[in-house]
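Q: This one is my_file-v3.pdb, PDB, C-alpha atoms.
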ATOM      1  CA  MET K   1     108.271  38.700 129.154
ATOM      2  CA  GLY K   2     104.732  37.304 128.797
ATOM      3  CA  ILE K   3     101.962  38.309 126.468
ATOM      4  CA  ASN K   4      98.325  38.599 127.435
ATOM      5  CA  ARG K   5      95.286  37.539 125.408
ATOM      6  CA  ARG K   6      94.467  41.116 124.387
ATOM      7  CA  ASP K   7      97.914  41.728 122.886
ATOM      8  CA  PHE K   8      97.882  38.354 121.125
ATOM      9  CA  LEU K   9      94.569  39.076 119.388
ATOM     10  CA  LYS K  10      95.745  42.529 118.341
ATOM     11  CA  GLY K  11      98.974  41.114 116.972
ATOM     12  CA  ALA K  12      97.262  38.292 115.063
ATOM     13  CA  ALA K  13      94.782  40.654 113.461
ATOM     14  CA  GLY K  14      97.476  43.169 112.608
ATOM     15  CA  SER K  15      99.736  40.513 111.095
ATOM     16  CA  GLY K  16      96.916  39.241 108.903
ATOM     17  CA  LEU K  17      96.144  42.718 107.626
ATOM     18  CA  LEU K  18      99.833  43.462 106.986
ATOM     19  CA  LEU K  19     100.280  40.230 105.035
ATOM     20  CA  ALA K  20      97.120  40.964 103.073
ATOM     21  CA  ALA K  21      98.391  44.450 102.301
ATOM     22  CA  ASP K  22     101.726  42.991 101.186
ATOM     23  CA  ALA K  23      99.844  40.694  98.794
ATOM     24  CA  SER K  24      97.625  43.510  97.503
ATOM     25  CA  PRO K  25      99.540  43.863  94.187
ATOM     26  CA  ALA K  26      98.569  40.252  93.458
ATOM     27  CA  LEU K  27      94.918  41.017  94.109
ATOM     28  CA  ALA K  28      94.394  42.914  90.867
ATOM     29  CA  PHE K  29      91.431  40.863  89.710
ATOM     30  CA  GLY K  30      91.169  40.174  86.008
ATOM     31  CA  PRO K  31      91.022  37.374  83.436
ATOM     32  CA  ARG K  32      94.081  35.253  82.875
ATOM     33  CA  THR K  33      95.839  35.174  79.518
ATOM     34  CA  PRO K  34      93.451  33.761  76.865
ATOM     35  CA  LYS K  35      94.324  30.413  75.338
ATOM     36  CA  GLU K  36      95.215  30.311  71.666
ATOM     37  CA  LEU K  37      93.983  28.112  68.846
ATOM     38  CA  PRO K  38      96.462  25.320  68.030
ATOM     39  CA  PRO K  39      97.830  25.736  64.473
ATOM     40  CA  ASP K  40      96.385  22.416  63.281
ATOM     41  CA  ALA K  41      93.120  22.595  65.220
ATOM     42  CA  VAL K  42      90.098  21.266  63.336
ATOM     43  CA  GLY K  43      86.504  22.383  63.393
ATOM     44  CA  ILE K  44      83.279  22.934  61.495
ATOM     45  CA  LEU K  45      81.851  25.840  59.546
ATOM     46  CA  PHE K  46      78.075  25.644  59.474
ATOM     47  CA  ASP K  47      76.408  27.789  56.822
ATOM     48  CA  SER K  48      72.723  28.076  57.687
ATOM     49  CA  THR K  49      71.893  29.480  54.253
ATOM     50  CA  LEU K  50      72.879  26.127  52.724
ATOM     51  CA  CYS K  51      70.990  23.883  55.168
ATOM     52  CA  ILE K  52      67.756  22.269  53.920
ATOM     53  CA  GLY K  53      66.831  20.590  57.206
ATOM     54  CA  CYS K  54      67.217  17.034  55.909
ATOM     55  CA  ASN K  55      68.589  15.789  59.286
ATOM     56  CA  VAL K  56      71.093  13.488  57.606
ATOM     57  CA  CYS K  57      73.734  14.859  59.982
ATOM     58  CA  VAL K  58      71.647  13.839  63.006
ATOM     59  CA  PHE K  59      71.189  10.288  61.729
ATOM     60  CA  ARG K  60      74.804   9.842  60.616
ATOM     61  CA  CYS K  61      76.078  11.232  63.915
ATOM     62  CA  LYS K  62      74.279   8.523  65.873
ATOM     63  CA  GLN K  63      75.384   5.899  63.392
ATOM     64  CA  ALA K  64      79.048   6.933  63.596
ATOM     65  CA  ASN K  65      78.914   7.055  67.404
ATOM     66  CA  ALA K  66      77.150   3.738  67.928
ATOM     67  CA  HIS K  67      79.739   2.911  70.608
ATOM     68  CA  MET K  68      78.077   5.599  72.755
ATOM     69  CA  ALA K  69      74.695   3.814  72.581
ATOM     70  CA  LEU K  70      72.818   6.872  71.317
ATOM     71  CA  ARG K  71      69.128   6.028  71.126
ATOM     72  CA  PRO K  72      66.506   7.537  68.802
ATOM     73  CA  GLU K  73      64.140  10.062  70.366
ATOM     74  CA  PHE K  74      60.535   9.797  69.240
ATOM     75  CA  ASN K  75      59.103  13.195  70.103
ATOM     76  CA  VAL K  76      56.999  13.742  66.977
ATOM     77  CA  PRO K  77      55.151  10.510  66.105
ATOM     78  CA  ILE K  78      53.596  10.112  62.674
ATOM     79  CA  GLY K  79      50.033   9.132  63.546
ATOM     80  CA  ASN K  80      50.330   6.311  66.074
ATOM     81  CA  LEU K  81      53.706   5.223  64.751
ATOM     82  CA  LYS K  82      57.133   6.071  66.074
ATOM     83  CA  ILE K  83      59.324   5.524  63.061
ATOM     84  CA  HIS K  84      61.529   8.595  62.816
ATOM     85  CA  ASP K  85      64.181  10.033  65.138
ATOM     86  CA  THR K  86      62.855  13.465  66.090
ATOM     87  CA  PRO K  87      65.029  15.011  68.823
ATOM     88  CA  LEU K  88      63.923  18.430  70.036
ATOM     89  CA  GLY K  89      67.310  19.431  71.354
ATOM     90  CA  LEU K  90      70.707  18.228  72.504
ATOM     91  CA  SER K  91      70.590  15.439  75.059
ATOM     92  CA  ALA K  92      72.367  12.321  76.265
ATOM     93  CA  ASP K  93      71.139  10.604  73.080
ATOM     94  CA  THR K  94      71.575  13.432  70.571
ATOM     95  CA  LEU K  95      74.955  15.075  69.992
ATOM     96  CA  THR K  96      73.840  17.331  67.154
ATOM     97  CA  VAL K  97      70.405  18.605  66.224
ATOM     98  CA  ILE K  98      68.855  20.653  63.429
ATOM     99  CA  LYS K  99      66.291  23.230  64.520
ATOM    100  CA  LEU K 100      63.884  25.284  62.446
ATOM    101  CA  TYR K 101      63.433  28.970  63.269
ATOM    102  CA  LYS K 102      60.608  30.890  61.620
ATOM    103  CA  HIS K 103      60.958  34.647  61.220
ATOM    104  CA  ASP K 104      58.392  37.418  61.289
ATOM    105  CA  ASP K 105      58.866  38.132  57.578
ATOM    106  CA  GLY K 106      57.764  34.622  56.654
ATOM    107  CA  ASN K 107      61.264  33.302  55.988
ATOM    108  CA  HIS K 108      62.892  30.550  58.008
ATOM    109  CA  SER K 109      66.331  29.260  58.962
ATOM    110  CA  PHE K 110      67.640  25.814  59.764
ATOM    111  CA  ILE K 111      70.436  25.803  62.310
ATOM    112  CA  LYS K 112      72.731  23.112  63.693
ATOM    113  CA  HIS K 113      73.409  22.926  67.419
ATOM    114  CA  GLN K 114      76.237  20.895  68.951
ATOM    115  CA  CYS K 115      79.300  21.275  71.164
ATOM    116  CA  MET K 116      81.155  24.304  69.811
ATOM    117  CA  HIS K 117      84.632  23.108  70.887
ATOM    118  CA  CYS K 118      85.651  26.389  72.471
ATOM    119  CA  ILE K 119      89.264  27.476  72.173
ATOM    120  CA  ASP K 120      89.161  28.187  75.920
ATOM    121  CA  PRO K 121      86.410  25.783  77.097
ATOM    122  CA  ALA K 122      84.530  26.376  80.326
ATOM    123  CA  CYS K 123      83.822  22.653  80.762
ATOM    124  CA  VAL K 124      87.550  21.873  80.915
ATOM    125  CA  SER K 125      88.081  24.635  83.461
ATOM    126  CA  ALA K 126      85.115  23.606  85.623
ATOM    127  CA  CYS K 127      85.875  19.874  85.761
ATOM    128  CA  PRO K 128      87.531  19.115  89.130
ATOM    129  CA  VAL K 129      89.035  15.787  88.012
ATOM    130  CA  THR K 130      90.203  16.621  84.452
ATOM    131  CA  ALA K 131      87.673  14.307  82.839
ATOM    132  CA  PHE K 132      87.450  17.017  80.160
ATOM    133  CA  THR K 133      90.639  17.830  78.292
ATOM    134  CA  LYS K 134      91.549  19.742  75.156
ATOM    135  CA  ASP K 135      93.697  17.952  72.588
ATOM    136  CA  PRO K 136      96.835  20.071  72.116
ATOM    137  CA  LYS K 137      96.986  19.302  68.378
ATOM    138  CA  THR K 138      93.409  19.079  67.097
ATOM    139  CA  GLY K 139      91.885  21.339  69.744
ATOM    140  CA  ILE K 140      89.020  18.854  70.135
ATOM    141  CA  VAL K 141      87.501  18.875  73.624
ATOM    142  CA  LYS K 142      87.579  15.265  74.800
ATOM    143  CA  PHE K 143      85.819  13.463  77.632
ATOM    144  CA  CYS K 144      87.084  10.460  79.617
ATOM    145  CA  LYS K 145      84.245   8.615  81.342
ATOM    146  CA  ARG K 146      86.658   6.565  83.471
ATOM    147  CA  VAL K 147      87.737   9.718  85.279
ATOM    148  CA  CYS K 148      84.333  11.450  85.552
ATOM    149  CA  ILE K 149      82.719  11.576  89.016
ATOM    150  CA  GLY K 150      79.312  12.762  87.758
ATOM    151  CA  CYS K 151      79.343  16.161  89.478
ATOM    152  CA  ARG K 152      77.925  17.825  86.320
ATOM    153  CA  TYR K 153      79.833  21.063  86.896
ATOM    154  CA  CYS K 154      80.586  20.947  83.179
ATOM    155  CA  GLN K 155      76.863  21.180  82.379
ATOM    156  CA  VAL K 156      76.516  24.288  84.511
ATOM    157  CA  ALA K 157      79.617  25.887  82.991
ATOM    158  CA  CYS K 158      78.789  25.231  79.312
ATOM    159  CA  PRO K 159      77.131  28.335  77.774
ATOM    160  CA  PHE K 160      75.772  26.254  74.874
ATOM    161  CA  VAL K 161      73.961  23.601  76.973
ATOM    162  CA  ALA K 162      75.762  21.040  74.822
ATOM    163  CA  ILE K 163      76.490  18.357  77.433
ATOM    164  CA  GLY K 164      74.023  15.580  78.199
ATOM    165  CA  PHE K 165      73.799  13.260  81.194
ATOM    166  CA  LYS K 166      72.480   9.696  81.096
ATOM    167  CA  TRP K 167      70.104   9.890  84.038
ATOM    168  CA  ASP K 168      68.514   6.500  83.411
ATOM    169  CA  GLU K 169      71.762   4.514  83.446
ATOM    170  CA  PRO K 170      72.949   2.653  86.568
ATOM    171  CA  PHE K 171      76.370   4.256  86.051
ATOM    172  CA  PRO K 172      75.523   7.526  84.283
ATOM    173  CA  GLU K 173      78.043   9.507  82.291
ATOM    174  CA  MET K 174      78.330  12.813  80.486
ATOM    175  CA  VAL K 175      77.710  12.775  76.723
ATOM    176  CA  ARG K 176      78.748  15.365  74.141
ATOM    177  CA  CYS K 177      80.096  15.747  70.611
ATOM    178  CA  GLN K 178      83.788  14.957  70.217
ATOM    179  CA  LEU K 179      83.925  15.767  66.493
ATOM    180  CA  CYS K 180      84.136  12.029  65.758
ATOM    181  CA  ASP K 181      87.754  12.043  66.949
ATOM    182  CA  HIS K 182      87.715   8.242  66.904
ATOM    183  CA  LEU K 183      87.475   8.390  63.093
ATOM    184  CA  ILE K 184      90.579  10.565  62.612
ATOM    185  CA  PRO K 185      93.076   7.653  62.951
ATOM    186  CA  LEU K 186      91.070   5.901  60.198
ATOM    187  CA  GLY K 187      91.574   8.806  57.828
ATOM    188  CA  LYS K 188      87.952   9.933  58.223
ATOM    189  CA  TYR K 189      86.335  12.973  59.809
ATOM    190  CA  ALA K 190      83.115  14.159  61.475
ATOM    191  CA  ALA K 191      80.153  12.180  60.095
ATOM    192  CA  CYS K 192      77.828  15.182  60.159
ATOM    193  CA  CYS K 193      80.083  16.880  57.614
ATOM    194  CA  SER K 194      81.103  13.900  55.504
ATOM    195  CA  TYR K 195      77.454  13.072  54.730
ATOM    196  CA  CYS K 196      75.997  16.586  54.435
ATOM    197  CA  PRO K 197      74.515  16.706  50.901
ATOM    198  CA  THR K 198      74.571  20.503  50.497
ATOM    199  CA  GLY K 199      77.856  21.473  52.134
ATOM    200  CA  ALA K 200      76.128  23.296  54.969
ATOM    201  CA  ALA K 201      78.403  21.524  57.456
ATOM    202  CA  LEU K 202      82.021  21.856  56.346
ATOM    203  CA  TYR K 203      84.940  20.179  58.139
ATOM    204  CA  GLY K 204      88.585  21.190  58.086
ATOM    205  CA  ARG K 205      91.358  23.118  59.743
ATOM    206  CA  ALA K 206      89.744  25.838  61.851
ATOM    207  CA  ALA K 207      92.004  28.576  60.478
ATOM    208  CA  ASP K 208      91.054  27.621  56.897
ATOM    209  CA  LEU K 209      87.366  27.530  57.791
ATOM    210  CA  ARG K 210      87.589  31.040  59.217
ATOM    211  CA  LYS K 211      89.147  32.252  55.949
ATOM    212  CA  GLU K 212      86.369  30.572  53.947
ATOM    213  CA  ALA K 213      83.734  32.205  56.149
ATOM    214  CA  SER K 214      85.340  35.620  55.637
ATOM    215  CA  ARG K 215      85.432  35.027  51.877
ATOM    216  CA  ARG K 216      81.697  34.361  51.816
ATOM    217  CA  LEU K 217      80.945  37.478  53.832
ATOM    218  CA  ASP K 218      82.921  39.552  51.328
ATOM    219  CA  LEU K 219      80.814  38.331  48.379
ATOM    220  CA  GLU K 220      78.148  40.536  46.878
ATOM    221  CA  TYR K 221      74.599  39.278  47.312
ATOM    222  CA  GLY K 222      73.729  37.120  44.293
ATOM    223  CA  GLU K 223      77.320  36.862  43.093
ATOM    224  CA  PRO K 224      77.977  33.330  41.765
ATOM    225  CA  TYR K 225      80.746  31.443  43.524
ATOM    226  CA  ARG K 226      82.089  27.940  44.059
ATOM    227  CA  PHE K 227      82.506  26.471  47.518
ATOM    228  CA  PRO K 228      83.868  23.215  48.978
ATOM    229  CA  VAL K 229      81.529  20.482  50.199
ATOM    230  CA  ASN K 230      82.040  18.117  53.168
ATOM    231  CA  HIS K 231      85.770  18.850  53.722
ATOM    232  CA  ILE K 232      87.460  22.146  52.926
ATOM    233  CA  GLU K 233      90.332  20.284  51.264
ATOM    234  CA  SER K 234      88.148  17.919  49.252
ATOM    235  CA  GLY K 235      87.924  18.190  45.500
ATOM    236  CA  ARG K 236      84.142  18.223  45.606
ATOM    237  CA  LYS K 237      82.757  21.672  44.864
ATOM    238  CA  SER K 238      79.307  23.153  44.501
ATOM    239  CA  PHE K 239      78.067  26.307  42.821
ATOM    240  CA  ARG K 240      75.459  28.871  43.853
ATOM    241  CA  PRO K 241      74.717  32.602  44.059
ATOM    242  CA  ALA K 242      75.970  34.213  47.233
ATOM    243  CA  ALA K 243      73.423  34.453  50.011
ATOM    244  CA  LYS K 244      72.579  37.595  51.938
ATOM    245  CA  TYR K 245      74.587  36.998  55.106
ATOM    246  CA  TYR K 246      74.337  38.602  58.487
ATOM    247  CA  PRO K 247      77.771  40.302  58.747
ATOM    248  CA  ASN K 248      79.223  38.213  61.533
ATOM    249  CA  ILE K 249      81.037  34.896  61.944
ATOM    250  CA  TYR K 250      79.601  33.503  65.145
ATOM    251  CA  GLY K 251      82.547  31.895  66.911
ATOM    252  CA  ASP K 252      85.215  34.200  65.557
ATOM    253  CA  THR K 253      85.590  35.994  68.894
ATOM    254  CA  GLU K 254      82.662  34.836  71.066
ATOM    255  CA  GLY K 255      83.791  33.158  74.272
ATOM    256  CA  GLY K 256      87.432  33.535  73.308
ATOM    257  CA  GLY K 257      86.783  31.908  69.933
ATOM    258  CA  LEU K 258      85.096  28.678  68.841
ATOM    259  CA  GLN K 259      86.222  25.877  66.547
ATOM    260  CA  VAL K 260      82.649  25.415  65.361
ATOM    261  CA  MET K 261      81.656  28.606  63.543
ATOM    262  CA  VAL K 262      78.311  29.715  62.121
ATOM    263  CA  LEU K 263      77.190  31.833  59.174
ATOM    264  CA  ALA K 264      73.530  32.751  58.812
ATOM    265  CA  GLY K 265      71.152  35.104  57.071
ATOM    266  CA  VAL K 266      70.086  36.588  60.400
ATOM    267  CA  SER K 267      71.839  37.205  63.682
ATOM    268  CA  PRO K 268      72.795  33.870  65.293
ATOM    269  CA  LEU K 269      71.361  35.296  68.514
ATOM    270  CA  ARG K 270      67.941  34.840  66.885
ATOM    271  CA  LEU K 271      68.780  31.204  66.205
ATOM    272  CA  GLY K 272      69.286  29.985  69.736
ATOM    273  CA  PHE K 273      72.930  30.927  70.273
ATOM    274  CA  PRO K 274      73.846  32.777  73.483
ATOM    275  CA  ASP K 275      75.159  36.321  73.556
ATOM    276  CA  ILE K 276      78.489  35.778  75.289
ATOM    277  CA  PRO K 277      81.461  38.130  75.730
ATOM    278  CA  ASP K 278      84.698  37.809  73.791
ATOM    279  CA  VAL K 279      86.591  36.836  76.934
ATOM    280  CA  SER K 280      85.859  33.248  77.932
ATOM    281  CA  ASN K 281      84.183  32.454  81.244
ATOM    282  CA  ALA K 282      87.083  30.115  82.000
ATOM    283  CA  ALA K 283      89.647  32.922  81.667
ATOM    284  CA  VAL K 284      87.616  35.172  83.976
ATOM    285  CA  SER K 285      86.907  32.597  86.690
ATOM    286  CA  GLU K 286      90.438  31.189  86.732
ATOM    287  CA  GLY K 287      91.864  34.684  86.851
ATOM    288  CA  VAL K 288      89.762  35.553  89.899
ATOM    289  CA  PHE K 289      90.435  32.333  91.806
ATOM    290  CA  LYS K 290      94.144  32.275  91.118
ATOM    291  CA  THR K 291      94.373  35.883  92.250
ATOM    292  CA  ILE K 292      92.493  35.179  95.479
ATOM    293  CA  TYR K 293      94.597  32.169  96.429
ATOM    294  CA  LYS K 294      97.969  33.463  95.329
ATOM    295  CA  TRP K 295     100.297  33.419  98.377
ATOM    296  CA  PHE K 296      97.280  32.206 100.402
ATOM    297  CA  ALA K 297      95.958  35.758 100.437
ATOM    298  CA  ALA K 298      92.352  34.684 100.994
ATOM    299  CA  PRO K 299      93.001  32.505 104.084
ATOM    300  CA  ILE K 300      95.197  35.231 105.580
ATOM    301  CA  ILE K 301      92.577  37.919 105.040
ATOM    302  CA  LEU K 302      89.859  35.626 106.388
ATOM    303  CA  LEU K 303      91.894  34.763 109.483
ATOM    304  CA  GLY K 304      92.637  38.403 110.176
ATOM    305  CA  ALA K 305      88.975  39.333 109.771
ATOM    306  CA  LEU K 306      87.821  36.531 112.106
ATOM    307  CA  VAL K 307      90.376  37.487 114.738
ATOM    308  CA  TYR K 308      89.257  41.113 114.567
ATOM    309  CA  LEU K 309      85.573  40.168 114.892
ATOM    310  CA  ALA K 310      86.319  37.904 117.825
ATOM    311  CA  TYR K 311      88.250  40.701 119.502
ATOM    312  CA  ARG K 312      85.531  43.300 118.895
ATOM    313  CA  ASN K 313      82.642  41.071 119.981
ATOM    314  CA  THR K 314      84.290  40.146 123.275
ATOM    315  CA  GLU K 315      85.605  43.629 124.080
ATOM    316  CA  GLU K 316      82.613  44.538 126.234
ATOM    317  CA  TYR K 317      83.284  41.573 128.501
ATOM    318  CA  ARG K 318      86.842  42.752 129.129
ATOM    319  CA  LYS K 319      85.760  46.247 130.287
ATOM    320  CA  PRO K 320      85.782  46.777 134.085
ATOM    321  CA  LYS K 321      82.315  46.853 135.531
ATOM    322  CA  ASP K 322      81.009  50.024 137.178
ATOM    323  CA  GLU K 323      81.114  49.994 140.981
ATOM    324  CA  ASP K 324      77.350  50.622 141.075
ATOM    325  CA  ASP K 325      76.769  47.266 139.312
TER     326      ASP K 325
END
Output the file's structure as structure tokens, nothing else.
A:
Amino acid sequence: MGINRRDFLKGAAGSGLLLAADASPALAFGPRTPKELPPDAVGILFDSTLCIGCNVCVFRCKQANAHMALRPEFNVPIGNLKIHDTPLGLSADTLTVIKLYKHDDGNHSFIKHQCMHCIDPACVSACPVTAFTKDPKTGIVKFCKRVCIGCRYCQVACPFVAIGFKWDEPFPEMVRCQLCDHLIPLGKYAACCSYCPTGAALYGRAADLRKEASRRLDLEYGEPYRFPVNHIESGRKSFRPAAKYYPNIYGDTEGGGLQVMVLAGVSPLRLGFPDIPDVSNAAVSEGVFKTIYKWFAAPIILLGALVYLAYRNTEEYRKPKDEDD
């Protein structure tokens, strides 16, 4: 028994719709399970109320990462001389930067910008060749230039605009902070923290840094307290009255959590940080795409829709013509 073209098109369209309907339970769009912070993950707690804007961290960062050929940026010359590194923001030559924010009440805040080493990083999710990876022990987001194809999807995905690109190189590459992971085997840690004279940038285990941040938020304004400097486990301590903090640890929940956290006297949103949801972009996008392509639901639905459109658009040509025509 044969089958004509009309019956074939009907059957193909119907089969596609039935298969799509069968896969409908899998099409419940939503974010995938959030990733968790590794127990020994490291990070930085930056306390803006302790920063004096000395830029030692910027200089020491470039010094410690000399293998990346980070050049000084002369954006603010002194007279006719260019003698001081004055980056205006993160770039292919600047992995961390201190910015000054002036407030309407006459006060000001210094803030440190860098890669925030997200617990669930969008750059890792967006990279099509796994040039970006997350260390399972330290949680540090690492970059392998040998694998990178220069698509710059990571730049688009990063909510902190923390990834630079060496446009003027014959073989350009992505550049970003890696928390001086090359110093860890030498028993050292991030240069921006190890040389910070005030303790504004504090290095250590991310879980311990979060506890320290919570401790500071619980202090009464003006209450004297001691706090660690450079490394949370170091014996070096400093002493000061408690600052008046904005009641939020930026990075505690934002974007699924960050390993670089911020305390400040004003909302971090007024200091150049983005207002991002608690669910990471990576969890949302991967959840949607994996749902769409589970059991090839998307191709089946698309095929069924195309078959139906082809059938409908050619239906008038299959109708018998009137005798008067």
Q: With the file shown as input, list the residues that the PyMOL selection byres ((chain K and resi 57) around 12) selects, as a ChimeraX atom specification.
A: /K:46,51-56,58-65,85,94-98,111-114,190-202,230
Q: From the set K:Ala282, K:Cys123, K:Ala66, K:Ala213, which residue has the shortest atom-to-atom contact distance to Ile163 (chain K), counting only C-alpha atoms?
A: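 Result for the nearest residue to Ile163 (chain K): K:Cys123.
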Q: Measuring between all atoms listed in the file, which one of K:Val262, K:Met116, K:Cys148, K:Ile232 shows the shortest distance to Leu217 (chain K)?
A: K:Val262
Q: For the PyMOL selection byres ((chain K and resi 153) around 12), applied here, can you spell out every residue it catches as a short mmCIF file (atom, residue, chain, number, x, y, z; two decimals) with C-alpha atoms, in the frame of the given file?
A:
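So the final result, stored in part_28.cif, reads:
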data_model
loop_
_atom_site.label_atom_id
_atom_site.label_comp_id
_atom_site.auth_asym_id
_atom_site.auth_seq_id
_atom_site.Cartn_x
_atom_site.Cartn_y
_atom_site.Cartn_z
CA ALA K 122 84.53 26.38 80.33
CA CYS K 123 83.82 22.65 80.76
CA VAL K 124 87.55 21.87 80.92
CA SER K 125 88.08 24.64 83.46
CA ALA K 126 85.12 23.61 85.62
CA CYS K 127 85.88 19.87 85.76
CA PRO K 128 87.53 19.11 89.13
CA VAL K 129 89.04 15.79 88.01
CA THR K 130 90.20 16.62 84.45
CA ALA K 131 87.67 14.31 82.84
CA PHE K 132 87.45 17.02 80.16
CA CYS K 148 84.33 11.45 85.55
CA ILE K 149 82.72 11.58 89.02
CA GLY K 150 79.31 12.76 87.76
CA CYS K 151 79.34 16.16 89.48
CA ARG K 152 77.92 17.82 86.32
CA CYS K 154 80.59 20.95 83.18
CA GLN K 155 76.86 21.18 82.38
CA VAL K 156 76.52 24.29 84.51
CA ALA K 157 79.62 25.89 82.99
CA CYS K 158 78.79 25.23 79.31
CA PRO K 159 77.13 28.34 77.77
CA VAL K 161 73.96 23.60 76.97
CA ILE K 163 76.49 18.36 77.43
CA GLY K 164 74.02 15.58 78.20
CA PHE K 165 73.80 13.26 81.19
CA MET K 174 78.33 12.81 80.49
#
Q: Give me the result of the PyMOL selection byres ((chain K and resi 270-275) around 10) on this file, residue by residue, as a ChimeraX atom specification.
A: /K:48,99-103,109-113,159-161,250,254-255,262,264,266-269,276-278
Q: Rounded to one decimal in Å, what is the spacing between CA of Thr49 (chain K) and CA of Asp93 (chain K)?
A: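 Between CA of Thr49 (chain K) and CA of Asp93 (chain K) the gap works out to 26.7 Å.
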Q: Which value, in Å to one decimal, gives the distance between CA of Leu183 (chain K) and CA of Gly256 (chain K)?
A: 27.1 Å
Q: To one decimal place, how far is CA of His84 (chain K) from CA of His108 (chain K) in Å?
A: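 Taking CA of His84 (chain K) and CA of His108 (chain K), their separation equals 22.5 Å.
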Q: Using all atoms listed in the file for the distances, tell me which of K:Gly79, K:Pro38, K:Gly265, K:Gly222 is nearest to Asn248 (chain K).
A: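 Closest residue, counting all atoms listed in the file: K:Gly265.
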Q: Quick one: everything within 6 Å of region 236-244 of chain K, counting all atoms listed in the file, minus sequence neighbours fewer than 6 positions away in the same chain. Send it as a list in words.
A: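 Counting only the stated atoms, we get Tyr221, Gly222, Glu223, Pro224, Tyr225, Arg226, Phe227, Pro228, Val229 and Gly265 of chain K.
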Q: Grab the residues selected above and save them as a PDB file, keeping the file's coordinate frame with C-alpha atoms.
A:
ATOM      1  CA  TYR K 221      74.599  39.278  47.312  1.00  0.00           C
ATOM      2  CA  GLY K 222      73.729  37.120  44.293  1.00  0.00           C
ATOM      3  CA  GLU K 223      77.320  36.862  43.093  1.00  0.00           C
ATOM      4  CA  PRO K 224      77.977  33.330  41.765  1.00  0.00           C
ATOM      5  CA  TYR K 225      80.746  31.443  43.524  1.00  0.00           C
ATOM      6  CA  ARG K 226      82.089  27.940  44.059  1.00  0.00           C
ATOM      7  CA  PHE K 227      82.506  26.471  47.518  1.00  0.00           C
ATOM      8  CA  PRO K 228      83.868  23.215  48.978  1.00  0.00           C
ATOM      9  CA  VAL K 229      81.529  20.482  50.199  1.00  0.00           C
ATOM     10  CA  GLY K 265      71.152  35.104  57.071  1.00  0.00           C
TER      11      GLY K 265
END
Q: Looking at all atoms listed in the file, which of K:Leu186, K:Cys177, K:Met68, K:Ile119 is the one that sits closest to Lys142 (chain K)?
A: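 Closest residue, counting all atoms listed in the file: K:Cys177.
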